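**Q** File name structure-v4.cif; file contents mmCIF, C-alpha atoms and all ligand atoms; full text below.
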```cif
data_coords
loop_
_atom_site.label_atom_id
_atom_site.label_comp_id
_atom_site.auth_asym_id
_atom_site.auth_seq_id
_atom_site.Cartn_x
_atom_site.Cartn_y
_atom_site.Cartn_z
CA MET A 1 65.90 98.83 80.89
CA ALA A 2 69.41 99.41 82.03
CA ASP A 3 68.87 103.13 81.85
CA ARG A 4 65.76 103.03 84.00
CA LYS A 5 67.52 101.01 86.60
CA HIS A 6 70.30 103.58 86.67
CA SER A 7 68.01 106.56 87.05
CA ARG A 8 66.14 104.88 89.89
CA LEU A 9 69.41 104.34 91.70
CA ASP A 10 70.21 108.00 91.31
CA GLU A 11 66.88 109.00 92.76
CA ASP A 12 67.51 106.80 95.73
CA ASP A 13 70.84 108.46 96.22
CA VAL A 14 69.29 111.90 96.08
CA ARG A 15 66.69 110.95 98.65
CA VAL A 16 69.27 109.53 101.00
CA ARG A 17 71.74 112.37 100.67
CA PRO A 18 70.31 115.00 103.05
CA GLN A 19 70.50 112.55 105.90
CA ARG A 20 74.26 112.13 105.50
CA GLY A 21 75.70 115.51 106.28
CA LYS A 22 75.04 118.62 104.28
CA SER A 23 77.84 119.99 102.16
CA ARG A 24 79.96 116.95 101.56
CA PRO A 25 79.46 115.90 97.93
CA ARG A 26 79.04 112.24 97.17
CA SER A 27 82.38 110.62 96.63
CA LYS A 28 81.54 109.58 93.09
CA ASP A 29 80.99 113.23 92.11
CA ARG A 30 84.05 114.51 93.85
CA PRO A 31 87.24 114.31 91.77
CA ALA A 32 89.25 111.60 93.46
CA HIS A 33 92.38 112.76 95.27
CA GLU A 34 91.93 116.47 94.69
CA ASP A 35 95.02 117.06 96.79
CA ALA A 36 97.23 114.93 94.56
CA GLU A 37 100.47 116.48 93.36
CA GLN A 38 101.80 115.74 89.89
CA GLY A 39 105.30 114.43 89.42
CA MET A 40 107.32 112.89 86.61
CA VAL A 41 108.37 109.27 86.79
CA VAL A 42 112.16 109.19 86.46
CA ALA A 43 112.92 105.55 87.23
CA VAL A 44 111.11 102.27 87.71
CA ASP A 45 112.36 99.33 89.69
CA ARG A 46 110.61 96.26 91.07
CA GLY A 47 107.21 97.74 91.77
CA ARG A 48 108.57 101.08 92.94
CA TRP A 49 108.46 104.27 90.91
CA THR A 50 110.84 107.16 91.52
CA CYS A 51 109.15 110.48 90.80
CA VAL A 52 110.28 114.10 90.86
CA VAL A 53 107.73 116.63 92.14
CA GLY A 54 107.93 120.36 92.65
CA SER A 55 110.56 122.57 91.08
CA GLY A 56 113.47 124.73 92.10
CA ASP A 57 114.11 124.64 95.83
CA ASP A 58 110.90 122.72 96.35
CA GLU A 59 111.97 119.84 94.08
CA ARG A 60 111.71 116.46 95.80
CA VAL A 61 112.51 112.93 94.76
CA ILE A 62 109.77 110.59 95.90
CA THR A 63 109.41 106.84 95.92
CA ALA A 64 105.91 105.65 95.12
CA MET A 65 103.91 102.51 94.73
CA ARG A 66 100.90 101.92 92.53
CA ALA A 67 97.58 102.68 94.25
CA ARG A 68 95.00 99.91 94.08
CA GLU A 69 92.74 101.93 91.76
CA MET A 70 95.49 101.97 89.12
CA GLY A 71 94.92 98.27 88.51
CA ARG A 72 97.56 96.76 86.27
CA LYS A 73 97.93 99.87 84.14
CA GLY A 74 101.52 100.37 83.08
CA ILE A 75 103.47 103.28 84.52
CA VAL A 76 106.73 104.07 82.75
CA VAL A 77 109.52 106.62 82.86
CA GLY A 78 108.27 109.95 81.52
CA ASP A 79 104.73 109.44 82.78
CA LEU A 80 103.17 112.34 84.66
CA ALA A 81 101.81 110.76 87.81
CA ASP A 82 99.35 112.12 90.35
CA LEU A 83 100.72 111.30 93.79
CA VAL A 84 99.13 111.19 97.22
CA GLY A 85 100.37 110.22 100.65
CA ASP A 86 103.71 111.24 102.06
CA LEU A 87 105.25 113.57 99.48
CA SER A 88 108.03 114.88 101.69
CA GLY A 89 110.65 112.86 99.88
CA THR A 90 112.36 111.92 103.13
CA ASP A 91 113.90 108.49 103.51
CA ASP A 92 111.68 105.48 104.05
CA THR A 93 108.52 107.26 102.93
CA LEU A 94 106.29 105.82 100.26
CA ALA A 95 103.74 107.77 98.22
CA ARG A 96 101.01 106.30 96.02
CA ILE A 97 100.39 106.89 92.32
CA VAL A 98 96.64 107.29 91.86
CA ARG A 99 96.56 108.41 88.24
CA ILE A 100 98.70 109.07 85.22
CA ALA A 101 98.04 111.88 82.78
CA PRO A 102 97.14 111.02 79.18
CA ARG A 103 100.39 110.54 77.27
CA THR A 104 101.41 112.93 74.53
CA THR A 105 103.64 110.25 72.99
CA THR A 106 104.38 106.60 73.62
CA LEU A 107 107.62 105.06 72.43
CA ARG A 108 107.24 101.29 72.03
CA ARG A 109 109.21 98.36 70.84
CA THR A 110 107.75 95.02 70.02
CA ALA A 111 108.56 91.38 69.94
CA ASP A 112 111.85 90.33 68.50
CA ASP A 113 114.41 87.63 69.11
CA THR A 114 115.49 88.90 72.48
CA ASP A 115 112.27 90.35 73.81
CA PRO A 116 109.04 88.43 73.29
CA GLU A 117 106.54 91.09 74.38
CA GLU A 118 105.48 94.54 73.29
CA ARG A 119 106.46 97.16 75.78
CA VAL A 120 106.34 100.88 76.27
CA ILE A 121 109.85 102.21 76.76
CA VAL A 122 109.13 105.84 77.60
CA ALA A 123 106.08 108.14 77.77
CA ASN A 124 105.80 111.80 76.77
CA ALA A 125 109.20 112.08 75.08
CA ASP A 126 109.33 114.53 72.20
CA GLN A 127 112.74 113.55 70.82
CA LEU A 128 114.59 110.31 70.22
CA ALA A 129 118.35 110.61 69.96
CA VAL A 130 119.82 107.59 68.23
CA VAL A 131 123.46 107.36 69.24
CA VAL A 132 125.66 105.73 66.61
CA ALA A 133 129.42 105.27 66.64
CA LEU A 134 131.05 106.03 63.30
CA ALA A 135 133.46 103.17 64.03
CA ASN A 136 134.29 100.68 66.76
CA PRO A 137 131.62 99.34 66.72
CA GLU A 138 130.61 99.80 63.09
CA PRO A 139 127.29 101.60 62.48
CA GLN A 140 124.26 99.32 62.08
CA PRO A 141 122.10 101.18 59.57
CA ARG A 142 119.22 98.72 59.93
CA LEU A 143 119.06 99.31 63.68
CA VAL A 144 119.20 103.06 63.14
CA ASP A 145 116.44 102.88 60.54
CA ARG A 146 114.24 100.91 62.88
CA ALA A 147 114.71 103.34 65.74
CA ILE A 148 113.94 106.27 63.46
CA LEU A 149 110.90 104.45 62.14
CA ALA A 150 109.60 103.89 65.68
CA ALA A 151 110.16 107.57 66.51
CA LEU A 152 108.34 108.83 63.43
CA ASP A 153 105.50 106.39 64.05
CA ALA A 154 105.16 107.68 67.62
CA GLY A 155 105.21 111.33 66.55
CA ILE A 156 108.63 111.84 68.16
CA LYS A 157 111.34 113.84 66.42
CA PRO A 158 114.37 111.68 65.65
CA LEU A 159 117.90 112.97 66.09
CA LEU A 160 121.11 111.27 65.09
CA ILE A 161 124.15 111.62 67.31
CA LEU A 162 127.28 110.35 65.61
CA THR A 163 130.11 109.62 68.03
CA LYS A 164 133.81 108.83 67.58
CA SER A 165 134.22 111.17 64.63
CA ASP A 166 137.97 110.96 65.24
CA LEU A 167 137.82 107.37 63.94
CA ALA A 168 135.77 107.73 60.74
CA ASP A 169 134.19 110.27 58.43
CA PRO A 170 130.50 111.00 59.14
CA ASP A 171 129.49 112.29 55.69
CA GLU A 172 128.17 109.06 54.22
CA LEU A 173 125.93 108.35 57.19
CA ILE A 174 124.70 111.94 57.33
CA ARG A 175 123.81 111.77 53.64
CA GLN A 176 121.70 108.65 54.21
CA TYR A 177 119.45 110.47 56.65
CA GLN A 178 119.38 113.87 55.03
CA ALA A 179 116.29 113.15 52.97
CA LEU A 180 114.43 112.20 56.15
CA ASP A 181 115.17 115.63 57.62
CA VAL A 182 116.89 113.98 60.56
CA GLN A 183 119.26 116.37 62.27
CA ALA A 184 122.69 114.81 62.73
CA ILE A 185 125.09 116.00 65.41
CA VAL A 186 128.68 114.84 65.17
CA THR A 187 130.76 114.45 68.32
CA THR A 188 133.94 112.97 69.58
CA LYS A 189 135.06 112.37 73.15
CA GLY A 190 136.03 115.56 74.90
CA ASP A 191 134.16 117.74 72.38
CA ASP A 192 132.37 120.91 73.24
CA LEU A 193 128.72 119.84 73.62
CA SER A 194 127.02 123.18 73.01
CA GLU A 195 125.34 122.07 69.77
CA LEU A 196 123.93 119.04 71.53
CA HIS A 197 122.85 121.04 74.57
CA ALA A 198 121.02 123.43 72.26
CA ALA A 199 119.17 120.53 70.65
CA LEU A 200 118.16 119.05 74.02
CA THR A 201 117.24 122.05 76.17
CA GLN A 202 113.53 122.11 77.08
CA HIS A 203 112.97 118.74 75.42
CA LYS A 204 112.42 115.26 76.76
CA THR A 205 114.90 113.27 74.74
CA VAL A 206 115.26 109.50 74.83
CA PHE A 207 118.82 108.29 74.24
CA LEU A 208 119.03 104.98 72.45
CA GLY A 209 122.05 103.10 71.19
CA ALA A 210 123.88 99.81 70.97
CA SER A 211 126.38 99.12 73.70
CA GLY A 212 129.85 100.48 73.06
CA VAL A 213 128.74 103.49 71.01
CA GLY A 214 129.65 105.91 73.79
CA LYS A 215 126.12 106.69 74.92
CA SER A 216 126.88 106.53 78.63
CA THR A 217 129.95 108.70 78.23
CA LEU A 218 127.82 111.22 76.40
CA VAL A 219 124.99 111.16 78.94
CA ASN A 220 127.46 111.57 81.81
CA ALA A 221 129.02 114.56 80.05
CA LEU A 222 125.61 116.11 79.40
CA VAL A 223 124.33 115.60 82.95
CA PRO A 224 127.44 115.49 85.17
CA GLU A 225 125.24 116.10 88.23
CA ALA A 226 123.07 113.11 87.34
CA ASP A 227 124.01 111.20 90.44
CA ARG A 228 122.80 114.06 92.57
CA ALA A 229 119.55 114.39 90.64
CA THR A 230 118.74 110.76 91.21
CA GLY A 231 120.39 110.50 94.60
CA HIS A 232 117.42 108.67 95.96
CA VAL A 233 117.47 106.22 93.08
CA ASN A 234 121.08 105.47 93.76
CA ALA A 235 120.45 104.97 97.44
CA VAL A 236 117.67 102.53 96.75
CA THR A 237 118.95 100.43 93.88
CA GLY A 238 122.22 101.78 92.58
CA ARG A 239 122.54 103.60 89.30
CA GLY A 240 124.38 100.76 87.63
CA ARG A 241 121.41 98.53 88.07
CA HIS A 242 119.10 101.10 86.56
CA THR A 243 121.19 101.78 83.52
CA SER A 244 121.35 98.11 82.72
CA THR A 245 117.68 97.18 83.16
CA SER A 246 115.40 100.09 82.38
CA ALA A 247 115.17 103.72 81.39
CA VAL A 248 116.13 106.53 83.77
CA ALA A 249 115.34 110.22 83.32
CA LEU A 250 118.01 112.79 84.18
CA GLU A 251 117.25 116.48 84.45
CA LEU A 252 119.28 118.95 82.41
CA THR A 253 120.49 122.06 84.21
CA ASN A 254 118.95 124.40 81.65
CA GLY A 255 115.62 122.59 81.51
CA GLY A 256 114.58 119.42 79.80
CA TRP A 257 115.33 115.76 80.38
CA VAL A 258 117.69 113.16 79.03
CA ILE A 259 116.16 109.71 79.28
CA ASP A 260 118.89 107.11 79.18
CA THR A 261 117.98 103.58 78.12
CA PRO A 262 119.89 100.31 78.31
CA GLY A 263 122.11 99.41 75.36
CA ILE A 264 120.11 97.65 72.65
CA ARG A 265 120.98 94.84 70.30
CA SER A 266 117.78 94.97 68.30
CA PHE A 267 114.67 97.06 68.09
CA GLY A 268 111.33 95.39 67.43
CA ILE A 269 108.91 97.48 65.38
CA ALA A 270 106.20 95.02 64.40
CA HIS A 271 103.63 97.45 65.81
CA VAL A 272 104.42 100.14 63.25
CA GLU A 273 101.66 100.63 60.66
CA PRO A 274 103.07 101.60 57.24
CA ASN A 275 100.03 103.71 56.41
CA ARG A 276 100.26 105.63 59.65
CA LEU A 277 103.97 106.16 59.07
CA ILE A 278 103.36 107.68 55.65
CA GLN A 279 101.12 110.33 57.21
CA GLY A 280 104.33 111.71 58.71
CA PHE A 281 105.62 112.29 55.17
CA ALA A 282 103.22 115.05 54.14
CA ASP A 283 104.75 115.45 50.68
CA LEU A 284 104.29 111.75 49.91
CA ALA A 285 101.07 111.01 51.82
CA THR A 286 98.84 112.82 49.31
CA GLY A 287 100.40 110.82 46.49
CA THR A 288 99.16 107.52 47.92
CA GLU A 289 95.68 108.36 46.55
CA HIS A 290 96.84 106.89 43.27
CA CYS A 291 98.07 103.65 44.81
CA PRO A 292 96.25 100.34 44.34
CA ARG A 293 94.31 99.10 47.36
CA GLY A 294 96.53 97.64 50.04
CA CYS A 295 99.64 99.03 48.38
CA SER A 296 102.82 98.34 50.32
CA HIS A 297 104.31 101.48 48.70
CA ASP A 298 107.28 99.33 47.84
CA GLU A 299 105.99 97.58 44.72
CA ALA A 300 105.86 98.19 40.97
CA GLU A 301 102.24 99.43 40.97
CA CYS A 302 102.84 101.98 43.71
CA GLY A 303 101.62 105.42 42.72
CA LEU A 304 104.39 107.23 44.53
CA ASP A 305 106.93 106.87 41.71
CA ALA A 306 104.70 108.84 39.35
CA TRP A 307 104.00 111.31 42.15
CA VAL A 308 107.71 111.96 42.54
CA GLU A 309 108.11 112.23 38.74
CA GLN A 310 105.58 115.06 38.86
CA GLY A 311 107.93 116.88 41.18
CA GLU A 312 105.75 116.57 44.30
CA SER A 313 108.59 115.06 46.30
CA THR A 314 112.08 113.75 45.66
CA HIS A 315 113.51 110.34 44.78
CA GLU A 316 115.69 110.60 47.87
CA ARG A 317 112.67 111.04 50.12
CA LEU A 318 110.84 108.14 48.52
CA ASP A 319 113.91 105.91 48.65
CA SER A 320 114.38 106.73 52.33
CA LEU A 321 110.75 106.02 53.11
CA ARG A 322 111.02 102.67 51.34
CA ARG A 323 114.20 101.83 53.17
CA LEU A 324 112.39 102.43 56.47
CA LEU A 325 109.44 100.32 55.35
CA ARG A 326 111.83 97.53 54.37
CA SER A 327 113.55 97.69 57.74
CA ARG A 328 110.16 96.85 59.18
CA SER A 329 109.24 93.98 56.92
CA SER A 330 112.66 92.36 57.23
CA GLU A 331 111.71 91.61 60.79
CA SER A 332 108.94 89.13 59.99
CA ARG A 333 110.43 85.97 58.64
ZN ZN B 1 101.90 102.88 47.10
#
```
Turn the structure described in the file into structure tokens.
Ligand code: ZN
**A**
Amino acid sequence: MADRKHSRLDEDDVRVRPQRGKSRPRSKDRPAHEDAEQGMVVAVDRGRWTCVVGSGDDERVITAMRAREMGRKGIVVGDLADLVGDLSGTDDTLARIVRIAPRTTTLRRTADDTDPEERVIVANADQLAVVVALANPEPQPRLVDRAILAALDAGIKPLLILTKSDLADPDELIRQYQALDVQAIVTTKGDDLSELHAALTQHKTVFLGASGVGKSTLVNALVPEADRATGHVNAVTGRGRHTSTSAVALELTNGGWVIDTPGIRSFGIAHVEPNRLIQGFADLATGTEHCPRGCSHDEAECGLDAWVEQGESTHERLDSLRRLLRSRSSESR
């Protein structure tokens, strides 16, 4: 019945159409906001989104609000937003976000002691750089594991950036992440950053770290012109405010983005599904066929031990996978 009702409505529309002007298509057939320009969200603050549109000399920083048709849909840093309205980027203008493009990746964190709700941190990032000080403050392997777990779960490549290498030896930490194929880049203040630049160029990389690890120092060194790139952001809210409350995307001179995030104390990963995670470990995923139903892959009956014994993967890989899985379960108490 519903179908018939629909088709009758359409017929009515067709009959009415010729009387309303000739060439103008009905609004429901016309793509909404054909003239919209796409920009990337680089900062979010109190119901206002800062977006960068255009490129080269035509690049503009625009402040936008959410159009009514967006409803309550979340718009986060990294989102590609379709914008209409005043896109000149001049002061006191306000554009509207009418749409966001489907996300290629979504980096989330979930409920933990300090943050009761699940939230999307950044959209469309393809790398997550976990910044860890080798000393002062001491590395927190559990926090690092959780961040890497969230990256792998989201289909984002994790990177490890080890700072303050003048204070402690990085080898032990590097060894811990070797089996996970996580690239580690060792730095100390004042270092040449060419290795890091090479790893970041043409990527959208989220920078994550506990406070005091030297993340801000690193970001400032990587994007010294950051203040200029987000000049509008600064004028509106002040960069300090942004860095302490939400993510902000900074454009690299040679292409790509560094997305700085506030210092973290914990990283909630209750949303991570162990079975989805294992799909990222191609050499181990096939071996789970021999697991009992509902296997946690961290129990005596798990089929992965035998799989590794057959030479299909390594003990180091399996141990690392299990360490990540444990970092997840240790959250629920
Ligand atoms: Zn198993």
**Q** If we count only C-alpha atoms, what is near Gly212 of chain A at a cut-off of 12 Å, once residues fewer than 4 positions away on the same chain are taken out, given as a tab-separated table (two decimals) with C-alpha atoms, in the coordinates of the input?
**A**
```tsv
chain	number	residue	atom	x	y	z
A	131	VAL	CA	123.46	107.36	69.24
A	132	VAL	CA	125.66	105.73	66.61
A	133	ALA	CA	129.42	105.27	66.64
A	134	LEU	CA	131.05	106.03	63.30
A	135	ALA	CA	133.46	103.17	64.03
A	136	ASN	CA	134.29	100.68	66.76
A	137	PRO	CA	131.62	99.34	66.72
A	138	GLU	CA	130.61	99.80	63.09
A	139	PRO	CA	127.29	101.60	62.48
A	163	THR	CA	130.11	109.62	68.03
A	164	LYS	CA	133.81	108.83	67.58
A	208	LEU	CA	119.03	104.98	72.45
A	216	SER	CA	126.88	106.53	78.63
A	217	THR	CA	129.95	108.70	78.23
A	218	LEU	CA	127.82	111.22	76.40
A	262	PRO	CA	119.89	100.31	78.31
A	263	GLY	CA	122.11	99.41	75.36
A	264	ILE	CA	120.11	97.65	72.65
A	265	ARG	CA	120.98	94.84	70.30
```
**Q** Give me, as a list in words, the set of residues whose atoms come within 6 Å of any atom of ligand ZN 1 (chain B), counting only C-alpha atoms and all ligand atoms.
**A**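 Protein and nucleic-acid residues within 6 Å of ligand ZN 1 (chain B): Thr288, Cys291, Cys295, Ser296, His297, Cys302, Gly303 and Leu304 of chain A.
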**Q** What separation in Å, quoted to one decimal, exists between atom CA of Ala32 of chain A and atom CA of Ala125 of chain A?
**A**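 Separation between atom CA of Ala32 of chain A and atom CA of Ala125 of chain A: 27.1 Å.
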**Q** Please indicate the distance in Å from atom CA of Arg103 of chain A to atom CA of Val61 of chain A, rounded to one decimal place.
**A**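 Straight-line distance from atom CA of Arg103 of chain A to atom CA of Val61 of chain A works out to 21.4 Å.
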**Q** For Trp257 of chain A, which residue out of A:Ile75, A:Leu193, A:Ala95, A:Leu200 is the nearest one, using all atoms listed in the file?
**A**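 Between A:Ile75, A:Leu193, A:Ala95, A:Leu200, the residue approaching Trp257 of chain A most closely is A:Leu200.
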**Q** Restricting the calculation to only C-alpha atoms: of A:Ser194, A:Ser165, A:Thr63, A:Ser313, which residue gets closest to Ala282 of chain A?
**A** A:Ser313
**Q** Can you work out the spacing between atom CA of Val52 of chain A and atom CA of Thr261 of chain A in Å, to one decimal?
**A**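 Calculated distance between atom CA of Val52 of chain A and atom CA of Thr261 of chain A is 18.2 Å.
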**Q** Out of A:Ile62, A:Ile97, A:Glu117, A:Leu83, which residue has the shortest atom-to-atom distance to His271 of chain A when counting all atoms listed in the file?
**A** A:Glu117
**Q** Name the residues in contact with Ser320 of chain A at a cut-off of 10 Å, using all atoms listed in the file, excluding same-chain residues fewer than 4 positions from it; report them as a list in words.
**A**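 Skipping anything fewer than 4 positions along the chain leaves Asp145, Gln176, Tyr177, Gln178, Ala179, Leu180, Thr314, His315, Glu316, Leu324, Leu325 and Arg326 of chain A.
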**Q** Using only C-alpha atoms, can you tell me which of A:Leu173, A:Ile121, A:Leu284, A:Ala306 comes closest to Leu318 of chain A?
**A** A:Leu284
**Q** Could you check which of A:Val223, A:Val258, A:Leu252, A:Ile185 is closest to Thr205 of chain A, using only C-alpha atoms?
**A** A:Val258
**Q** Closest to Asp35 of chain A among A:Glu309, A:Asp57, A:Glu69, A:Asp86, using all atoms listed in the file?
**A**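 The closest residue to Asp35 of chain A is A:Asp86.
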